[in-house]
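Listing of final09.cif; format and content: mmCIF, C-alpha atoms.
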data_model
#
loop_
_atom_site.group_PDB
_atom_site.id
_atom_site.type_symbol
_atom_site.label_atom_id
_atom_site.label_comp_id
_atom_site.auth_asym_id
_atom_site.auth_seq_id
_atom_site.Cartn_x
_atom_site.Cartn_y
_atom_site.Cartn_z
ATOM 1 C CA MET A 22 -154.833 -131.730 50.003
ATOM 2 C CA SER A 23 -154.245 -131.652 46.275
ATOM 3 C CA ARG A 24 -152.466 -134.627 44.778
ATOM 4 C CA PRO A 25 -149.825 -134.499 42.036
ATOM 5 C CA ALA A 26 -150.726 -135.685 38.550
ATOM 6 C CA ASP A 27 -148.508 -138.761 38.883
ATOM 7 C CA THR A 28 -150.654 -140.356 41.599
ATOM 8 C CA ALA A 29 -151.266 -144.067 41.126
ATOM 9 C CA GLY A 30 -154.808 -144.014 42.576
ATOM 10 C CA PRO A 31 -156.590 -144.042 45.936
ATOM 11 C CA GLY A 32 -154.325 -145.122 48.758
ATOM 12 C CA ARG A 33 -151.243 -144.919 46.539
ATOM 13 C CA ALA A 34 -148.435 -142.491 47.211
ATOM 14 C CA PRO A 35 -147.327 -140.167 44.400
ATOM 15 C CA THR A 36 -144.062 -141.202 42.779
ATOM 16 C CA GLY A 37 -142.522 -137.730 42.418
ATOM 17 C CA GLY A 38 -140.162 -136.406 45.099
ATOM 18 C CA GLN A 39 -140.201 -139.582 47.181
ATOM 19 C CA ASP A 40 -137.812 -140.863 49.756
ATOM 20 C CA PRO A 41 -134.884 -142.545 47.906
ATOM 21 C CA ARG A 42 -135.472 -145.765 49.894
ATOM 22 C CA VAL A 43 -138.829 -146.253 48.154
ATOM 23 C CA ALA A 44 -137.741 -145.248 44.642
ATOM 24 C CA GLY A 45 -138.362 -148.059 42.193
ATOM 25 C CA LEU A 46 -140.738 -150.009 44.445
ATOM 26 C CA GLY A 47 -143.757 -149.192 42.249
ATOM 27 C CA GLU A 48 -146.771 -151.128 43.492
ATOM 28 C CA ASP A 49 -145.397 -151.480 47.018
ATOM 29 C CA VAL A 50 -145.617 -147.742 47.820
ATOM 30 C CA PHE A 51 -148.753 -146.563 49.601
ATOM 31 C CA GLU A 52 -150.251 -143.560 51.303
ATOM 32 C CA VAL A 53 -151.630 -143.994 54.823
ATOM 33 C CA GLU A 54 -152.957 -141.542 57.379
ATOM 34 C CA LEU A 55 -152.217 -140.989 61.050
ATOM 35 C CA THR A 56 -155.193 -139.345 62.756
ATOM 36 C CA ALA A 57 -154.928 -136.875 65.635
ATOM 37 C CA ASP A 58 -156.352 -139.516 67.991
ATOM 38 C CA GLY A 59 -153.687 -142.085 67.052
ATOM 39 C CA TYR A 60 -155.321 -144.256 64.403
ATOM 40 C CA LEU A 61 -153.449 -145.581 61.393
ATOM 41 C CA ARG A 62 -155.766 -145.596 58.372
ATOM 42 C CA MET A 63 -155.015 -147.622 55.256
ATOM 43 C CA GLY A 64 -156.807 -148.294 52.002
ATOM 44 C CA ALA A 65 -158.619 -151.518 51.194
ATOM 45 C CA GLU A 66 -156.011 -152.636 48.663
ATOM 46 C CA LEU A 67 -153.131 -152.390 51.140
ATOM 47 C CA ALA A 68 -155.160 -154.110 53.868
ATOM 48 C CA ALA A 69 -156.195 -156.978 51.591
ATOM 49 C CA ARG A 70 -152.730 -157.473 50.126
ATOM 50 C CA HIS A 71 -150.660 -157.484 53.315
ATOM 51 C CA PHE A 72 -153.005 -157.565 56.339
ATOM 52 C CA GLY A 73 -155.484 -160.344 55.551
ATOM 53 C CA GLY A 74 -155.527 -161.549 59.169
ATOM 54 C CA ASP A 75 -157.045 -158.214 60.326
ATOM 55 C CA ALA A 76 -154.449 -157.900 63.090
ATOM 56 C CA LEU A 77 -151.066 -156.216 63.325
ATOM 57 C CA VAL A 78 -148.219 -155.172 65.577
ATOM 58 C CA ALA A 79 -146.824 -151.622 65.397
ATOM 59 C CA VAL A 80 -143.245 -150.903 66.489
ATOM 60 C CA PRO A 81 -141.460 -147.528 66.344
ATOM 61 C CA ARG A 82 -138.046 -147.739 64.642
ATOM 62 C CA ASP A 83 -136.041 -144.512 64.284
ATOM 63 C CA THR A 84 -138.162 -142.135 62.161
ATOM 64 C CA GLU A 85 -140.587 -144.848 61.038
ATOM 65 C CA LEU A 86 -143.418 -146.951 62.368
ATOM 66 C CA TRP A 87 -142.979 -150.599 61.357
ATOM 67 C CA VAL A 88 -146.342 -152.307 60.970
ATOM 68 C CA MET A 89 -146.232 -156.114 60.941
ATOM 69 C CA PRO A 90 -149.180 -158.293 59.948
ATOM 70 C CA LEU A 91 -150.388 -161.136 62.138
ATOM 71 C CA HIS A 92 -152.004 -164.230 60.632
ATOM 72 C CA SER A 93 -155.132 -163.915 62.748
ATOM 73 C CA THR A 94 -156.678 -162.027 65.623
ATOM 74 C CA ALA A 95 -156.386 -165.134 67.839
ATOM 75 C CA GLY A 96 -152.765 -164.342 68.712
ATOM 76 C CA GLY A 97 -153.508 -160.839 69.982
ATOM 77 C CA GLY A 98 -152.096 -157.699 68.420
ATOM 78 C CA LEU A 99 -153.967 -154.636 67.252
ATOM 79 C CA LEU A 100 -157.279 -155.147 65.491
ATOM 80 C CA LEU A 101 -157.752 -153.723 62.002
ATOM 81 C CA LYS A 102 -161.300 -152.417 61.912
ATOM 82 C CA GLN A 103 -163.240 -151.971 58.684
ATOM 83 C CA ARG A 104 -164.043 -148.259 58.222
ATOM 84 C CA ASN A 105 -166.398 -148.329 55.235
ATOM 85 C CA LEU A 106 -167.999 -150.523 52.580
ATOM 86 C CA ALA A 107 -164.973 -150.051 50.309
ATOM 87 C CA GLY A 108 -162.918 -152.055 52.830
ATOM 88 C CA ASP A 109 -160.606 -149.321 54.140
ATOM 89 C CA ARG A 110 -159.172 -150.253 57.545
ATOM 90 C CA SER A 111 -157.880 -148.541 60.667
ATOM 91 C CA ALA A 112 -156.021 -149.617 63.799
ATOM 92 C CA LEU A 113 -155.328 -147.712 67.006
ATOM 93 C CA VAL A 114 -151.521 -147.356 67.139
ATOM 94 C CA LEU A 115 -151.325 -144.404 69.565
ATOM 95 C CA GLU A 116 -149.200 -146.268 72.112
ATOM 96 C CA SER A 117 -146.569 -146.968 69.434
ATOM 97 C CA LEU A 118 -146.298 -143.336 68.304
ATOM 98 C CA PRO A 119 -143.897 -140.735 69.691
ATOM 99 C CA ARG A 120 -145.480 -138.218 72.059
ATOM 100 C CA ASP A 121 -144.951 -135.367 69.592
ATOM 101 C CA PHE A 122 -146.297 -137.103 66.464
ATOM 102 C CA SER A 123 -148.109 -135.025 63.852
ATOM 103 C CA SER A 124 -151.333 -136.232 62.306
ATOM 104 C CA GLY A 125 -151.719 -136.335 58.527
ATOM 105 C CA ARG A 126 -150.989 -138.376 55.432
ATOM 106 C CA ARG A 127 -147.769 -140.365 55.291
ATOM 107 C CA SER A 128 -145.770 -142.261 52.715
ATOM 108 C CA ALA A 129 -145.406 -145.951 53.419
ATOM 109 C CA PHE A 130 -143.815 -148.849 51.613
ATOM 110 C CA TRP A 131 -143.876 -152.615 51.933
ATOM 111 C CA ASP A 132 -140.460 -153.923 52.965
ATOM 112 C CA GLN A 133 -140.483 -157.468 51.576
ATOM 113 C CA ALA A 134 -137.177 -158.409 53.220
ATOM 114 C CA ASN A 135 -138.553 -157.698 56.714
ATOM 115 C CA GLY A 136 -142.232 -158.432 56.019
ATOM 116 C CA VAL A 137 -143.357 -155.040 57.332
ATOM 117 C CA LEU A 138 -145.094 -151.886 56.197
ATOM 118 C CA ARG A 139 -142.695 -149.019 56.904
ATOM 119 C CA VAL A 140 -144.582 -145.805 57.621
ATOM 120 C CA SER A 141 -142.681 -142.545 57.696
ATOM 121 C CA LEU A 142 -143.385 -140.560 60.867
ATOM 122 C CA ALA A 143 -142.173 -137.342 59.245
ATOM 123 C CA PRO A 144 -145.044 -135.241 57.872
ATOM 124 C CA ASP A 145 -145.247 -135.144 54.075
ATOM 125 C CA SER A 146 -144.267 -131.778 52.624
ATOM 126 C CA GLY A 147 -147.057 -129.216 52.863
ATOM 127 C CA GLU A 148 -148.864 -131.211 55.564
ATOM 128 C CA SER A 149 -150.420 -129.260 58.411
ATOM 129 C CA ARG A 150 -148.968 -129.657 61.885
ATOM 130 C CA ALA A 151 -152.144 -128.300 63.471
ATOM 131 C CA SER A 152 -152.641 -131.280 65.729
ATOM 132 C CA ARG A 153 -149.396 -132.573 67.156
ATOM 133 C CA GLY A 154 -149.947 -135.586 69.337
ATOM 134 C CA ARG A 155 -153.449 -134.668 70.496
ATOM 135 C CA GLY A 156 -155.114 -137.397 72.510
ATOM 136 C CA ARG A 157 -151.846 -138.445 74.141
ATOM 137 C CA SER A 158 -151.450 -137.840 77.870
ATOM 138 C CA ASP A 159 -148.241 -137.560 79.835
ATOM 139 C CA VAL A 160 -149.373 -140.195 82.320
#
Take the structure in this file and express it as structure tokens.
Amino acid sequence: MSRPADTAGPGRAPTGGQDPRVAGLGEDVFEVELTADGYLRMGAELAARHFGGDALVAVPRDTELWVMPLHSTAGGGLLLKQRNLAGDRSALVLESLPRDFSSGRRSAFWDQANGVLRVSLAPDSGESRASRGRGRSDV
């Protein structure tokens, strides 16, 4: 996927053509990925800034997935696993996703008022819908 020239760097969402709710948030706008098997992937910077406890809770809200950090893994929640030496993280959020979710990159922003990362469940423009909800059974 090619990225626009106004990209802020790895893991950052481009500023052009964004959802009006995230306009003007600057450093609190990120790009995450939902994989076909239901993992939420995030960059090291986002994980370090808002998810230092390496655990989270994911809750679907309307057309978004609200991702809330937990202070530690001792209280349960979903474990953020380190994916590579750069510190990128992933968590299995499949059970919190709608049955017909599409994998791909998503815009996300940190909602300071609610203390959550709000991930859009709508595919970004130009994103492939090749794998809609794979890995999810109807059981």
Check your understanding: Out of A:Val80, A:Met89, A:Leu61, A:Val53, which residue has the shortest atom-to-atom distance to Lys102 (chain A) when counting only C-alpha atoms?
Key ->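 The closest residue to Lys102 (chain A) is A:Leu61.
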Exercise for review: Can you give me, as JSON, numbers by chain, the residues this file yields under the PyMOL selection byres ((chain A and resi 75) around 10)?
Suggested key: {"A": [68, 69, 71, 72, 73, 74, 76, 77, 90, 91, 92, 93, 94, 98, 99, 100, 101, 102, 103, 110, 111, 112]}
Practice item. Using all atoms listed in the file, give me every residue within 10 Å of (-150.4, -146.5, 67.6) in file coordinates, as a VMD selection string. Key: chain A and resid 55 to 56 58 to 61 78 to 81 86 88 99 112 to 119
Could the residues in this selection be written to a file with C-alpha atoms, as a PDB file, in the coordinates of the input?
ATOM      1  CA  LEU A  55    -152.217-140.989  61.050  1.00  0.00           C
ATOM      2  CA  THR A  56    -155.193-139.345  62.756  1.00  0.00           C
ATOM      3  CA  ASP A  58    -156.352-139.516  67.991  1.00  0.00           C
ATOM      4  CA  GLY A  59    -153.687-142.085  67.052  1.00  0.00           C
ATOM      5  CA  TYR A  60    -155.321-144.256  64.403  1.00  0.00           C
ATOM      6  CA  LEU A  61    -153.449-145.581  61.393  1.00  0.00           C
ATOM      7  CA  VAL A  78    -148.219-155.172  65.577  1.00  0.00           C
ATOM      8  CA  ALA A  79    -146.824-151.622  65.397  1.00  0.00           C
ATOM      9  CA  VAL A  80    -143.245-150.903  66.489  1.00  0.00           C
ATOM     10  CA  PRO A  81    -141.460-147.528  66.344  1.00  0.00           C
ATOM     11  CA  LEU A  86    -143.418-146.951  62.368  1.00  0.00           C
ATOM     12  CA  VAL A  88    -146.342-152.307  60.970  1.00  0.00           C
ATOM     13  CA  LEU A  99    -153.967-154.636  67.252  1.00  0.00           C
ATOM     14  CA  ALA A 112    -156.021-149.617  63.799  1.00  0.00           C
ATOM     15  CA  LEU A 113    -155.328-147.712  67.006  1.00  0.00           C
ATOM     16  CA  VAL A 114    -151.521-147.356  67.139  1.00  0.00           C
ATOM     17  CA  LEU A 115    -151.325-144.404  69.565  1.00  0.00           C
ATOM     18  CA  GLU A 116    -149.200-146.268  72.112  1.00  0.00           C
ATOM     19  CA  SER A 117    -146.569-146.968  69.434  1.00  0.00           C
ATOM     20  CA  LEU A 118    -146.298-143.336  68.304  1.00  0.00           C
ATOM     21  CA  PRO A 119    -143.897-140.735  69.691  1.00  0.00           C
TER      22      PRO A 119
END
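Of the residues listed (A:Glu66, A:Trp87, A:Gly97, A:Ala57), A:Trp87 shows the shortest atom-to-atom separation from Phe130 (chain A); distances use only C-alpha atoms.
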**Study point:** Residues selected by the PyMOL selection byres ((chain A and resi 129) around 9), written as a VMD selection string
**Key:** chain A and resid 34 43 49 to 53 127 to 128 130 to 131 138 to 141
Check your understanding: In Å, how far is it from CA of Arg62 (chain A) to CA of Ala134 (chain A)?
Key -> 23.2 Å
Exercise for review: Step by step: start from the point (-162.8, -151.9, 47.3) in the file's coordinates, keep every protein, DNA or RNA residue that has an atom no farther than 12 Å from it, count all atoms listed in the file, and write the set as a PyMOL selection string.
Suggested key: chain A and resi 31-32+63-70+103-110
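Pairwise distance (CA of Ala95 (chain A), CA of Leu142 (chain A)) equals 28.7 Å.
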Point to revise | For CA of Ala143 (chain A) and CA of Phe122 (chain A), the interatomic separation in Å (one decimal) | key: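 That distance, rounded to one decimal, is 8.3 Å.
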Return as AutoDock Vina command-line options the box centre and box size in Å, one decimal, for an axis-aligned box around all listed atoms of region 52-60 of chain A padded by 6 Å per side.
--center_x -153.3 --center_y -140.6 --center_z 59.6 --size_x 18.1 --size_y 19.4 --size_z 28.7
